[in-house]
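**Q** This is final-v7.csv (CSV, C-alpha atoms and all ligand atoms).
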```
chain,number,residue,atom,x,y,z
A,276,MET,CA,-1.7,28.4,19.1
A,277,GLY,CA,1.3,26.8,20.8
A,278,SER,CA,3.4,24.2,19.1
A,279,PRO,CA,4.1,21.2,21.3
A,280,PHE,CA,4.7,19.3,18.0
A,281,LYS,CA,7.5,20.7,15.9
A,282,ALA,CA,8.0,20.9,12.1
A,283,LEU,CA,11.0,19.2,10.5
A,284,LYS,CA,12.9,21.0,7.7
A,285,VAL,CA,13.4,18.5,4.8
A,286,ALA,CA,14.8,20.9,2.2
A,287,GLU,CA,15.3,24.6,1.7
A,288,GLY,CA,11.9,26.1,2.4
A,289,ILE,CA,10.2,22.7,2.7
A,290,TYR,CA,9.0,21.3,6.1
A,291,TRP,CA,7.3,18.1,7.1
A,292,VAL,CA,4.3,19.0,9.2
A,293,GLY,CA,2.5,15.6,9.3
A,294,ALA,CA,1.3,13.4,12.1
A,295,ILE,CA,2.6,10.1,13.5
A,296,ASP,CA,0.0,7.5,14.3
A,297,TRP,CA,1.8,5.1,16.6
A,298,SER,CA,-1.3,3.1,17.5
A,299,VAL,CA,-3.2,2.3,14.3
A,300,ARG,CA,-3.3,-1.5,13.8
A,301,ASP,CA,-6.1,-1.8,11.2
A,302,PHE,CA,-6.2,0.2,8.0
A,303,HIS,CA,-9.4,-0.9,6.4
A,304,GLY,CA,-8.5,-4.6,6.7
A,305,TYR,CA,-4.8,-4.2,6.4
A,306,ARG,CA,-2.9,-5.0,9.6
A,307,THR,CA,-0.5,-2.1,10.2
A,308,ALA,CA,1.7,-3.7,12.8
A,309,ARG,CA,4.1,-0.8,13.0
A,310,GLY,CA,1.5,2.1,12.8
A,311,THR,CA,1.8,4.8,10.2
A,312,THR,CA,2.4,8.4,9.5
A,313,TYR,CA,0.1,10.9,7.6
A,314,ASN,CA,2.6,13.2,5.9
A,315,ALA,CA,1.8,16.8,5.1
A,316,TYR,CA,4.3,19.4,3.8
A,317,LEU,CA,4.6,23.1,4.2
A,318,VAL,CA,6.4,25.1,1.5
A,319,MET,CA,7.5,28.5,2.6
A,320,GLY,CA,7.5,30.6,-0.5
A,321,GLU,CA,6.0,34.0,-1.2
A,322,LYS,CA,2.8,32.0,-1.2
A,323,ILE,CA,2.8,29.8,1.8
A,324,THR,CA,1.7,26.4,0.5
A,325,LEU,CA,0.4,23.3,2.3
A,326,VAL,CA,0.7,20.0,0.4
A,327,ASP,CA,-2.0,17.6,1.7
A,328,THR,CA,-3.4,17.3,5.2
A,329,VAL,CA,-3.8,14.5,7.7
A,330,LYS,CA,-6.4,12.1,9.0
A,331,ALA,CA,-9.1,14.0,10.8
A,332,GLY,CA,-8.2,12.9,14.3
A,333,PHE,CA,-4.7,14.4,14.0
A,334,LYS,CA,-5.7,18.0,13.2
A,335,ASP,CA,-4.2,19.3,16.4
A,336,GLU,CA,-0.8,17.7,15.6
A,337,LEU,CA,-0.9,19.1,12.0
A,338,LEU,CA,-1.8,22.6,13.2
A,339,SER,CA,0.8,22.5,15.9
A,340,ARG,CA,3.6,21.6,13.5
A,341,ILE,CA,2.5,24.3,11.0
A,342,SER,CA,2.4,26.8,13.9
A,343,ASP,CA,6.1,26.0,14.6
A,344,ILE,CA,6.8,27.7,11.3
A,345,VAL,CA,3.9,30.0,10.6
A,346,ASP,CA,0.4,30.9,11.8
A,347,PRO,CA,-1.8,28.4,9.9
A,348,SER,CA,-4.1,31.3,9.0
A,349,GLN,CA,-1.3,32.6,6.8
A,350,ILE,CA,-1.5,29.7,4.3
A,351,ASP,CA,-2.1,30.9,0.8
A,352,ILE,CA,-2.3,27.7,-1.2
A,353,ILE,CA,-3.4,24.2,-0.4
A,354,ILE,CA,-2.7,21.3,-2.7
A,355,SER,CA,-4.7,18.1,-2.3
A,356,ASN,CA,-2.8,15.4,-4.1
A,357,HIS,CA,-5.2,12.7,-3.0
A,358,ALA,CA,-8.8,12.8,-1.7
A,359,GLU,CA,-8.7,9.7,0.5
A,360,MET,CA,-9.6,10.7,4.0
A,361,ASP,CA,-6.2,9.9,5.6
A,362,HIS,CA,-4.9,12.9,3.6
A,363,SER,CA,-7.9,15.1,3.1
A,364,GLY,CA,-9.5,14.6,6.5
A,365,CYS,CA,-8.5,18.1,7.7
A,366,LEU,CA,-8.9,19.9,4.4
A,367,PRO,CA,-12.3,21.5,5.2
A,368,ASP,CA,-10.9,22.7,8.6
A,369,LEU,CA,-7.8,24.1,7.0
A,370,ILE,CA,-9.8,25.9,4.3
A,371,GLU,CA,-12.1,27.3,6.9
A,372,LEU,CA,-9.1,28.5,9.0
A,373,ALA,CA,-6.8,29.8,6.3
A,374,ARG,CA,-9.3,31.0,3.7
A,375,PRO,CA,-6.5,30.3,1.1
A,376,GLU,CA,-6.4,32.1,-2.2
A,377,LYS,CA,-6.3,28.8,-4.1
A,378,VAL,CA,-6.9,25.1,-3.4
A,379,TYR,CA,-5.7,22.7,-6.1
A,380,ALA,CA,-6.7,19.2,-6.9
A,381,SER,CA,-7.0,17.0,-10.0
A,382,PRO,CA,-10.4,17.1,-11.9
A,383,LYS,CA,-11.3,13.8,-10.3
A,384,GLY,CA,-10.0,15.1,-6.9
A,385,VAL,CA,-12.4,18.0,-7.2
A,386,GLU,CA,-15.3,15.6,-7.7
A,387,ALA,CA,-14.1,13.2,-4.9
A,388,LEU,CA,-13.6,16.0,-2.4
A,389,ALA,CA,-17.1,17.4,-3.1
A,390,ALA,CA,-18.6,13.9,-2.7
A,391,HIS,CA,-16.7,13.3,0.5
A,392,PHE,CA,-17.4,16.6,2.3
A,393,ARG,CA,-20.8,17.2,0.8
A,394,GLY,CA,-20.3,20.9,0.6
A,395,GLU,CA,-19.4,23.8,-1.7
A,396,MET,CA,-15.6,23.7,-2.0
A,397,ASP,CA,-13.9,26.2,-4.3
A,398,ILE,CA,-11.2,24.0,-5.7
A,399,VAL,CA,-9.2,24.6,-8.9
A,400,ALA,CA,-8.9,21.5,-11.1
A,401,VAL,CA,-5.4,21.2,-12.5
A,402,LYS,CA,-4.2,19.1,-15.4
A,403,ASP,CA,-0.9,17.6,-16.5
A,404,GLY,CA,1.7,20.3,-16.9
A,405,ASP,CA,-0.3,23.0,-15.1
A,406,GLU,CA,1.8,25.1,-12.8
A,407,ALA,CA,1.3,27.3,-9.7
A,408,ILE,CA,3.8,30.0,-8.8
A,409,ILE,CA,4.8,29.8,-5.2
A,410,SER,CA,7.6,32.4,-5.4
A,411,GLY,CA,8.4,34.7,-8.3
A,412,PRO,CA,11.8,34.9,-10.0
A,413,ASP,CA,13.0,37.8,-7.8
A,414,ALA,CA,12.0,36.3,-4.5
A,415,GLU,CA,14.5,35.7,-1.8
A,416,GLY,CA,15.6,32.1,-2.2
A,417,GLY,CA,14.7,32.2,-5.9
A,418,PRO,CA,11.6,31.2,-7.7
A,419,LEU,CA,9.5,28.2,-6.6
A,420,THR,CA,7.0,26.6,-8.9
A,421,VAL,CA,4.7,23.6,-8.5
A,422,ARG,CA,4.0,21.5,-11.5
A,423,PHE,CA,1.1,19.0,-11.5
A,424,MET,CA,0.9,15.6,-13.0
A,425,GLN,CA,-2.1,13.2,-13.0
A,426,THR,CA,-1.4,9.7,-11.6
A,427,PRO,CA,-4.8,8.1,-11.8
A,428,LEU,CA,-5.2,4.9,-9.7
A,429,LEU,CA,-2.0,5.5,-7.9
A,430,HIS,CA,-3.8,5.1,-5.6
A,431,TRP,CA,-7.3,6.4,-6.5
A,432,PRO,CA,-8.7,7.9,-9.7
A,433,ASP,CA,-8.1,11.4,-8.3
A,434,SER,CA,-4.4,10.9,-7.4
A,435,MET,CA,-1.8,13.3,-8.6
A,436,PHE,CA,1.8,14.3,-8.1
A,437,SER,CA,3.1,17.8,-7.4
A,438,TYR,CA,6.7,18.6,-8.3
A,439,ILE,CA,8.9,21.5,-7.4
A,440,PRO,CA,11.6,21.6,-10.0
A,441,GLU,CA,13.7,24.1,-8.2
A,442,ARG,CA,14.1,21.7,-5.3
A,443,LYS,CA,13.8,18.5,-7.4
A,444,ALA,CA,11.1,17.5,-4.9
A,445,LEU,CA,8.3,15.2,-5.9
A,446,PHE,CA,5.2,15.1,-3.6
A,447,CYS,CA,4.0,11.7,-4.5
A,448,GLN,CA,1.1,11.0,-2.1
A,449,ASP,CA,0.5,7.2,-1.6
A,450,ALA,CA,3.2,6.2,-4.1
A,451,PHE,CA,6.4,4.9,-2.5
A,452,GLY,CA,4.8,5.1,0.9
A,453,MET,CA,4.6,2.6,3.7
A,454,HIS,CA,2.8,2.2,7.0
A,455,LEU,CA,5.6,2.7,9.4
A,456,ALA,CA,5.5,5.0,12.4
A,457,SER,CA,9.0,5.9,13.2
A,458,ALA,CA,11.1,8.6,14.9
A,459,GLU,CA,13.1,8.9,11.6
A,460,ARG,CA,11.7,10.9,8.8
A,461,PHE,CA,14.2,9.9,6.1
A,462,ALA,CA,14.6,6.5,4.5
A,463,GLU,CA,18.4,7.0,4.8
A,464,ASP,CA,18.1,6.6,8.6
A,465,ILE,CA,16.0,3.4,8.4
A,466,PRO,CA,17.5,0.0,7.7
A,467,ASP,CA,17.0,-1.4,4.2
A,468,TRP,CA,15.4,-4.6,5.4
A,469,LEU,CA,12.7,-2.7,7.3
A,470,LEU,CA,12.1,-0.3,4.4
A,471,GLU,CA,11.7,-3.1,1.9
A,472,GLN,CA,9.5,-5.2,4.1
A,473,GLU,CA,7.1,-2.4,4.8
A,474,ALA,CA,7.2,-1.0,1.3
A,475,ALA,CA,6.4,-4.5,0.0
A,476,SER,CA,3.6,-4.9,2.4
A,477,TYR,CA,2.2,-1.5,1.4
A,478,PHE,CA,2.5,-2.3,-2.3
A,479,ALA,CA,0.9,-5.8,-1.9
A,480,ASN,CA,-2.0,-4.5,0.1
A,481,ILE,CA,-2.7,-1.1,-1.5
A,482,LEU,CA,-1.3,-0.8,-5.0
A,483,LEU,CA,-1.2,-4.4,-6.4
A,484,PRO,CA,-4.6,-4.2,-8.1
A,485,PHE,CA,-3.3,-1.3,-10.2
A,486,SER,CA,0.0,-2.9,-11.2
A,487,ALA,CA,-0.8,-2.9,-14.9
A,488,MET,CA,-0.8,0.8,-15.2
A,489,LEU,CA,2.1,1.6,-12.9
A,490,PRO,CA,5.0,1.1,-15.4
A,491,ARG,CA,3.2,3.6,-17.7
A,492,LEU,CA,3.0,6.1,-14.9
A,493,PHE,CA,6.7,5.7,-14.0
A,494,ASP,CA,7.6,6.2,-17.7
A,495,LYS,CA,5.5,9.3,-17.7
A,496,VAL,CA,7.4,10.7,-14.8
A,497,GLU,CA,10.7,9.9,-16.5
A,498,LYS,CA,9.6,11.4,-19.8
A,499,ALA,CA,8.5,14.5,-18.0
A,500,GLY,CA,12.2,15.0,-17.3
A,501,MET,CA,11.7,15.3,-13.5
A,502,GLU,CA,14.9,15.0,-11.7
A,503,ILE,CA,14.1,13.6,-8.3
A,504,ALA,CA,16.3,14.4,-5.3
A,505,LEU,CA,13.5,14.0,-2.8
A,506,ALA,CA,10.4,11.9,-3.1
A,507,LEU,CA,8.0,13.0,-0.4
A,508,PRO,CA,5.1,10.4,0.1
A,509,ASP,CA,2.1,10.8,2.3
A,510,HIS,CA,3.0,7.8,4.4
A,511,GLY,CA,6.3,6.7,5.9
A,512,PRO,CA,9.8,8.1,5.3
A,513,ILE,CA,11.0,10.6,2.7
A,514,TRP,CA,13.2,9.1,0.0
A,515,GLY,CA,16.5,10.7,-1.0
A,516,ALA,CA,19.5,8.7,-2.2
A,517,LYS,CA,17.5,5.5,-1.8
A,518,PHE,CA,14.8,6.6,-4.2
A,519,PRO,CA,16.2,4.6,-7.2
A,520,ARG,CA,16.0,1.4,-5.2
A,521,ILE,CA,12.3,1.8,-4.3
A,522,LEU,CA,11.5,2.7,-7.9
A,523,GLU,CA,13.3,-0.4,-9.0
A,524,LEU,CA,11.3,-2.5,-6.5
A,525,TYR,CA,8.1,-0.9,-7.7
A,526,ARG,CA,8.8,-1.8,-11.3
A,527,ARG,CA,9.7,-5.4,-10.2
A,528,TRP,CA,6.6,-5.8,-8.0
A,529,ALA,CA,4.3,-4.3,-10.7
A,530,ALA,CA,5.6,-6.8,-13.3
A,531,GLN,CA,4.4,-9.7,-11.1
A,532,ALA,CA,6.8,-12.1,-12.8
A,533,PRO,CA,6.2,-15.7,-11.7
A,534,THR,CA,8.8,-17.1,-9.2
A,535,ALA,CA,9.7,-20.4,-7.5
A,536,LYS,CA,8.1,-19.3,-4.3
A,537,VAL,CA,4.9,-21.0,-3.0
A,538,VAL,CA,2.6,-19.7,-0.3
A,539,VAL,CA,0.6,-22.4,1.6
A,540,VAL,CA,-2.5,-21.0,3.4
A,541,TYR,CA,-4.8,-23.2,5.5
A,542,ASP,CA,-6.9,-23.7,8.5
A,543,THR,CA,-7.9,-26.8,10.3
A,544,MET,CA,-10.6,-28.1,12.7
A,545,TRP,CA,-9.3,-31.3,14.2
A,546,ASP,CA,-5.7,-31.3,12.7
A,547,SER,CA,-6.5,-33.4,9.7
A,548,THR,CA,-6.1,-30.5,7.2
A,549,ASP,CA,-3.0,-29.5,9.2
A,550,ALA,CA,-1.5,-33.0,8.6
A,551,MET,CA,-2.3,-32.7,4.9
A,552,ALA,CA,-0.6,-29.3,4.8
A,553,ARG,CA,2.5,-30.6,6.5
A,554,ALA,CA,2.8,-33.5,4.1
A,555,LEU,CA,2.1,-31.3,1.1
A,556,THR,CA,4.7,-28.8,2.3
A,557,ASP,CA,7.3,-31.6,2.6
A,558,GLY,CA,6.7,-32.3,-1.1
A,559,LEU,CA,7.1,-28.7,-2.0
A,560,ILE,CA,10.4,-28.5,-0.1
A,561,ALA,CA,11.6,-31.6,-1.8
A,562,SER,CA,10.9,-30.0,-5.2
A,563,GLY,CA,13.3,-27.2,-4.5
A,564,ALA,CA,10.6,-24.5,-4.2
A,565,GLN,CA,10.9,-21.7,-1.8
A,566,VAL,CA,8.0,-22.3,0.7
A,567,LYS,CA,6.1,-20.0,3.1
A,568,VAL,CA,3.5,-21.7,5.2
A,569,LEU,CA,0.9,-19.5,6.8
A,570,PRO,CA,-1.6,-21.2,9.1
A,571,LEU,CA,-4.7,-19.0,9.4
A,572,SER,CA,-4.8,-19.6,13.2
A,573,GLY,CA,-1.9,-17.1,13.4
A,574,SER,CA,-1.6,-15.3,10.1
A,575,HIS,CA,-3.4,-12.1,9.1
A,576,ARG,CA,-4.9,-11.7,5.6
A,577,SER,CA,-2.6,-8.8,4.8
A,578,ASP,CA,0.5,-10.7,5.8
A,579,ILE,CA,-0.6,-13.4,3.3
A,580,ALA,CA,-1.0,-10.8,0.6
A,581,THR,CA,2.6,-9.5,1.4
A,582,GLU,CA,4.1,-13.0,1.1
A,583,LEU,CA,2.2,-13.6,-2.1
A,584,LEU,CA,3.6,-10.4,-3.7
A,585,ASP,CA,6.7,-12.3,-5.0
A,586,ALA,CA,5.2,-15.8,-5.2
A,587,GLY,CA,4.4,-18.0,-8.1
A,588,ALA,CA,2.0,-20.4,-6.4
A,589,LEU,CA,-0.8,-20.3,-3.9
A,590,VAL,CA,-1.9,-23.5,-2.2
A,591,VAL,CA,-5.0,-23.3,0.0
A,592,GLY,CA,-6.4,-25.9,2.5
A,593,SER,CA,-9.7,-25.8,4.2
A,594,PRO,CA,-11.9,-28.1,6.2
A,595,THR,CA,-15.6,-28.1,5.5
A,596,LEU,CA,-17.7,-26.5,8.2
A,597,ASN,CA,-21.5,-26.7,7.8
A,598,GLY,CA,-21.2,-27.1,4.1
A,599,GLN,CA,-18.9,-24.1,3.6
A,600,MET,CA,-15.2,-23.5,3.5
A,601,PHE,CA,-13.7,-22.5,6.8
A,602,PRO,CA,-14.6,-18.8,7.6
A,603,THR,CA,-10.9,-17.8,8.0
A,604,VAL,CA,-10.2,-19.3,4.5
A,605,ALA,CA,-13.1,-17.4,3.0
A,606,ASP,CA,-11.9,-14.2,4.6
A,607,ALA,CA,-8.4,-14.6,3.2
A,608,LEU,CA,-9.6,-15.6,-0.3
A,609,CYS,CA,-12.1,-12.7,-0.5
A,610,TYR,CA,-9.3,-10.3,0.4
A,611,LEU,CA,-6.8,-11.8,-2.0
A,612,LYS,CA,-9.3,-11.8,-4.9
A,613,GLY,CA,-9.6,-8.0,-4.6
A,614,LEU,CA,-5.8,-7.6,-4.9
A,615,LYS,CA,-5.8,-9.3,-8.3
A,616,LYS,CA,-2.4,-11.0,-8.0
A,617,LYS,CA,-1.4,-12.3,-11.4
A,618,ASN,CA,0.6,-15.3,-12.7
A,619,LEU,CA,-0.2,-17.8,-10.0
A,620,VAL,CA,-0.6,-21.5,-10.2
A,621,GLY,CA,-2.2,-23.3,-7.2
A,622,ALA,CA,-3.9,-26.2,-5.6
A,623,ALA,CA,-6.7,-26.9,-3.1
A,624,PHE,CA,-6.8,-29.5,-0.3
A,625,GLY,CA,-8.6,-30.3,2.9
A,626,SER,CA,-10.3,-32.9,5.1
A,627,TYR,CA,-14.0,-33.1,5.7
A,628,GLY,CA,-16.4,-35.1,7.8
A,629,TRP,CA,-19.7,-35.4,5.9
A,630,SER,CA,-20.1,-33.9,2.5
A,631,GLY,CA,-16.8,-32.0,1.8
A,632,GLU,CA,-18.0,-29.0,-0.2
A,633,SER,CA,-15.1,-26.8,0.8
A,634,ILE,CA,-12.6,-28.1,-1.8
A,635,LYS,CA,-14.8,-27.3,-4.7
A,636,GLN,CA,-15.5,-23.9,-3.2
A,637,VAL,CA,-11.8,-23.2,-2.7
A,638,GLU,CA,-11.1,-24.4,-6.3
A,639,GLU,CA,-13.8,-22.1,-7.6
A,640,SER,CA,-12.4,-19.2,-5.6
A,641,LEU,CA,-8.9,-19.8,-6.9
A,642,THR,CA,-9.9,-20.1,-10.5
A,643,GLY,CA,-12.1,-16.9,-10.0
A,644,MET,CA,-8.9,-15.2,-9.0
A,645,GLY,CA,-7.2,-16.4,-12.2
A,646,VAL,CA,-5.1,-19.0,-10.5
A,647,GLU,CA,-4.3,-21.9,-12.7
A,648,LEU,CA,-5.1,-25.1,-10.7
A,649,VAL,CA,-2.4,-27.8,-10.8
A,650,GLY,CA,-4.5,-30.2,-8.7
A,651,SER,CA,-6.6,-30.7,-5.6
A,652,LEU,CA,-7.1,-33.3,-3.0
A,653,ARG,CA,-9.7,-34.0,-0.3
A,654,THR,CA,-10.0,-36.7,2.2
A,655,GLN,CA,-12.7,-37.8,4.7
A,656,TYR,CA,-11.8,-37.5,8.4
A,657,VAL,CA,-8.2,-38.3,9.4
A,658,PRO,CA,-5.8,-38.7,6.5
A,659,GLU,CA,-4.2,-42.2,6.3
A,660,ASP,CA,-0.6,-42.6,5.2
A,661,HIS,CA,-1.5,-43.2,1.6
A,662,VAL,CA,-3.4,-39.9,1.6
A,663,LEU,CA,-0.5,-38.1,3.1
A,664,GLU,CA,1.6,-39.6,0.3
A,665,GLN,CA,-0.8,-38.1,-2.2
A,666,CYS,CA,-0.5,-34.7,-0.4
A,667,ARG,CA,3.3,-35.0,-0.7
A,668,ALA,CA,3.0,-35.8,-4.4
A,669,LEU,CA,0.7,-32.8,-4.9
A,670,GLY,CA,3.3,-30.6,-3.3
A,671,GLU,CA,6.0,-32.1,-5.5
A,672,GLN,CA,3.8,-31.5,-8.5
A,673,VAL,CA,3.1,-27.8,-7.7
A,674,GLY,CA,6.8,-27.3,-6.8
A,675,ALA,CA,7.9,-28.9,-10.1
A,676,ARG,CA,5.6,-26.5,-11.9
A,677,ILE,CA,7.0,-23.3,-10.4
A,678,THR,CA,10.6,-24.5,-10.4
A,679,GLY,CA,10.4,-25.4,-14.1
A,680,LYS,CA,11.1,-29.0,-13.5
A,681,SER,CA,7.9,-30.3,-15.0
B,701,LIG,FE1,-3.0,7.0,2.1
B,701,LIG,FE2,-5.0,6.2,-0.7
B,701,LIG,O1,-4.6,7.0,0.9
```
Represent the structure contained in this file as structure tokens.
**A**
Amino acid sequence: MGSPFKALKVAEGIYWVGAIDWSVRDFHGYRTARGTTYNAYLVMGEKITLVDTVKAGFKDELLSRISDIVDPSQIDIIISNHAEMDHSGCLPDLIELARPEKVYASPKGVEALAAHFRGEMDIVAVKDGDEAIISGPDAEGGPLTVRFMQTPLLHWPDSMFSYIPERKALFCQDAFGMHLASAERFAEDIPDWLLEQEAASYFANILLPFSAMLPRLFDKVEKAGMEIALALPDHGPIWGAKFPRILELYRRWAAQAPTAKVVVVYDTMWDSTDAMARALTDGLIASGAQVKVLPLSGSHRSDIATELLDAGALVVGSPTLNGQMFPTVADALCYLKGLKKKNLVGAAFGSYGWSGESIKQVEESLTGMGVELVGSLRTQYVPEDHVLEQCRALGEQVGARITGKS
């Protein structure tokens, strides 16, 4: 086939052959405002090796980039580091086309791929420390070996890393990735503010629920003695000299240490809950807390999750609509609950017209997330000045709690 899409050499014998998805804006509920990439890598050894594939709709782009280097039918080995469909979507087609000698995945990966594709797949399950020889010691360009390491729940139970010691290259699938479609393939060519913003968003929305086990995985990588000159994730740019920085951020985010930042999330029907939010926020500001206010009329659930990543408090306001919390509030709280953010204090507030069930529902939702409630406040119809004073006082109270002044 022709190759309108070209491969990019990233190291001696290693090529990026993935796809750029400029248009995706929703990634199972996560707003991907800057699109994404599905990265796959071709290793040109004696055994031509493909590391991961791409989302099914991007098969032509993958095949085109591979064809820029070699006929895809010549691939000898395929490694599936992660079974999620954005990386395995083209695996059955590649197996059919290349008839590779070996396909490798973790034991859980073998199970997951069989369950996803509902067919006989001849895949070899590899464990920690198993190796595959890509090139022997006498090969031109020297030997090339792939060493495997299980990294369960980074991001799925099946996830694993593959490492080529001769190139100090770590193929790390979802880890250290980000949803960022860009012309640049290397983190070194992208501004730090953008890398850190999108990496934080990715961590907050994808990896946060698994934070507790991440430090152990990073320790495992370090103990394995892997020198890492290149970290090649399945989304976003490839890390070189900036890798220590993203590793440091991952350790910080995984620790979820409480901070003096508060996120205020609310919606409103007739501006009463909005008025309460504004007074409460004034109290938070006066307390010296760092404040981020996210009205749900213009804030996406995944952007709230990102702001909450380095926060110490979550304050949620909702009107009551037909005996329920406002639907946008329910949506945000349902999403945040799944992400399991730790070490938060919080408060609930809102205006109601008739019966005012929403505040109790928000309180229950927050405590169900493990948020320690500092207080709550509800008022009927339009808040009078004394109610707004109470809102301000609640803000000061939450602020004092997270700034350590109470
Ligand atoms: Fe990018 Fe967990 O898949």
**Q** Of the candidates A:Phe451, A:Gly310, A:Pro533, A:Ser547, which shows the shortest atom-to-atom distance to Val646 in chain A, using only C-alpha atoms?
**A**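 The shortest atom-to-atom distance to Val646 in chain A comes from A:Pro533.
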**Q** Report, in Å to a single decimal, how far apart CA of Pro508 in chain A and CA of Gln448 in chain A are.
**A**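 Interatomic distance, CA of Gln448 in chain A to CA of Pro508 in chain A: 4.6 Å.
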**Q** Check which residues fall inside 6 Å of ligand LIG 701 (chain B) when counting all atoms listed in the file, and print them as a list in words.
**A** Glu359, Asp361, His430 and Asp449 of chain A
**Q** Which one is closest to Leu492 in chain A: A:Ser434, A:Ser476, A:Gln531, A:Thr426? Count all atoms listed in the file.
**A**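 With all atoms listed in the file as the atom set, the closest residue is A:Thr426.
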**Q** Quick one: of A:Thr603, A:Ser355, A:Thr328, A:Thr678, who's nearest to Ala564 in chain A, counting only C-alpha atoms?
**A**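 Comparing A:Thr603, A:Ser355, A:Thr328, A:Thr678 against Ala564 in chain A, the winner is A:Thr678.
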**Q** Using CA of Leu455 in chain A and CA of Phe333 in chain A as the two end points, give the distance in Å to one decimal.
**A** 16.3 Å
**Q** Quick one: residues within 10 Å of Ser278 in chain A, all atoms listed in the file counted, chain neighbours fewer than 5 positions away excluded, as a ChimeraX atom specification?
**A** /A:335-344
**Q** So which residues touch range 512-519 of chain A within 10 Å, counting all atoms listed in the file, skipping near sequence neighbours fewer than 2 positions away, as a ChimeraX atom specification?
**A** /A:285,291,311-312,314,444-446,451-465,467,470,503-510,521-525
**Q** Between CA of Glu395 in chain A and CA of Ile370 in chain A, what distance in Å does the model show, to one decimal?
**A**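 Pair CA of Glu395 in chain A / CA of Ile370 in chain A returns 11.5 Å.
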**Q** Can you tell me which residues surround Phe423 in chain A at a distance of at most 9 Å, considering only C-alpha atoms, apart from same-chain residues fewer than 2 positions away, and format the answer as a list in words?
**A**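 Selected residues are Ser381, Val401, Lys402, Asp403, Gly404, Asp405, Glu406, Ala407, Val421, Gln425, Met435, Phe436, Ser437 and Tyr438 of chain A.
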**Q** Calculated over only C-alpha atoms, which of the candidates A:Ile439, A:Leu589, A:Ala450, A:Ile354 has the smallest distance to Ala474 in chain A?
**A**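 Checking each candidate against Ala474 in chain A, we get A:Ala450 as the closest.
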**Q** For Leu619 in chain A, work out the shell of residues within 6 Å, counting only C-alpha atoms and skipping chain neighbours fewer than 2 positions away, then give it as an MDAnalysis selection string.
**A** chainID A and resid 587:588 617 646
**Q** Taking only residues of range 542-578 of chain A that have an atom at most 6 Å from an atom of range 660-676 of chain A, what is each one's shortest atom pair and its distance in Å to one decimal, using all atoms listed in the file, in chain and number order, as a Markdown table?
**A**
```
| residue | atom | partner | partner_atom | distance |
| --- | --- | --- | --- | --- |
| A:Met551 | CA | A:Cys666 | CA | 5.9 |
| A:Ala554 | CA | A:Arg667 | CA | 5.1 |
| A:Leu555 | CA | A:Arg667 | CA | 4.3 |
| A:Gly558 | CA | A:Arg667 | CA | 4.4 |
| A:Leu559 | CA | A:Gly670 | CA | 4.4 |
| A:Ser562 | CA | A:Gly674 | CA | 5.2 |
| A:Ala564 | CA | A:Gly674 | CA | 5.4 |
```
**Q** So which one's closest to Leu482 in chain A, A:Leu317, A:Leu571, A:Val496, A:Ala580? Using only C-alpha atoms, please.
**A**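 Using only C-alpha atoms, Leu482 in chain A sits closest to A:Ala580.
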**Q** Nearest to Thr642 in chain A among A:Leu608, A:Leu584, A:Leu489, A:Met544, with distances taken over all atoms listed in the file: which residue is it?
**A**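 Result for the nearest residue to Thr642 in chain A: A:Leu608.
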**Q** Find the residues around Ile398 in chain A up to 12 Å (all atoms listed in the file counted), leave out those fewer than 4 positions away in its own chain, and share them as an MDAnalysis selection string.
**A** chainID A and resid 352:355 366:367 370 374:389 394
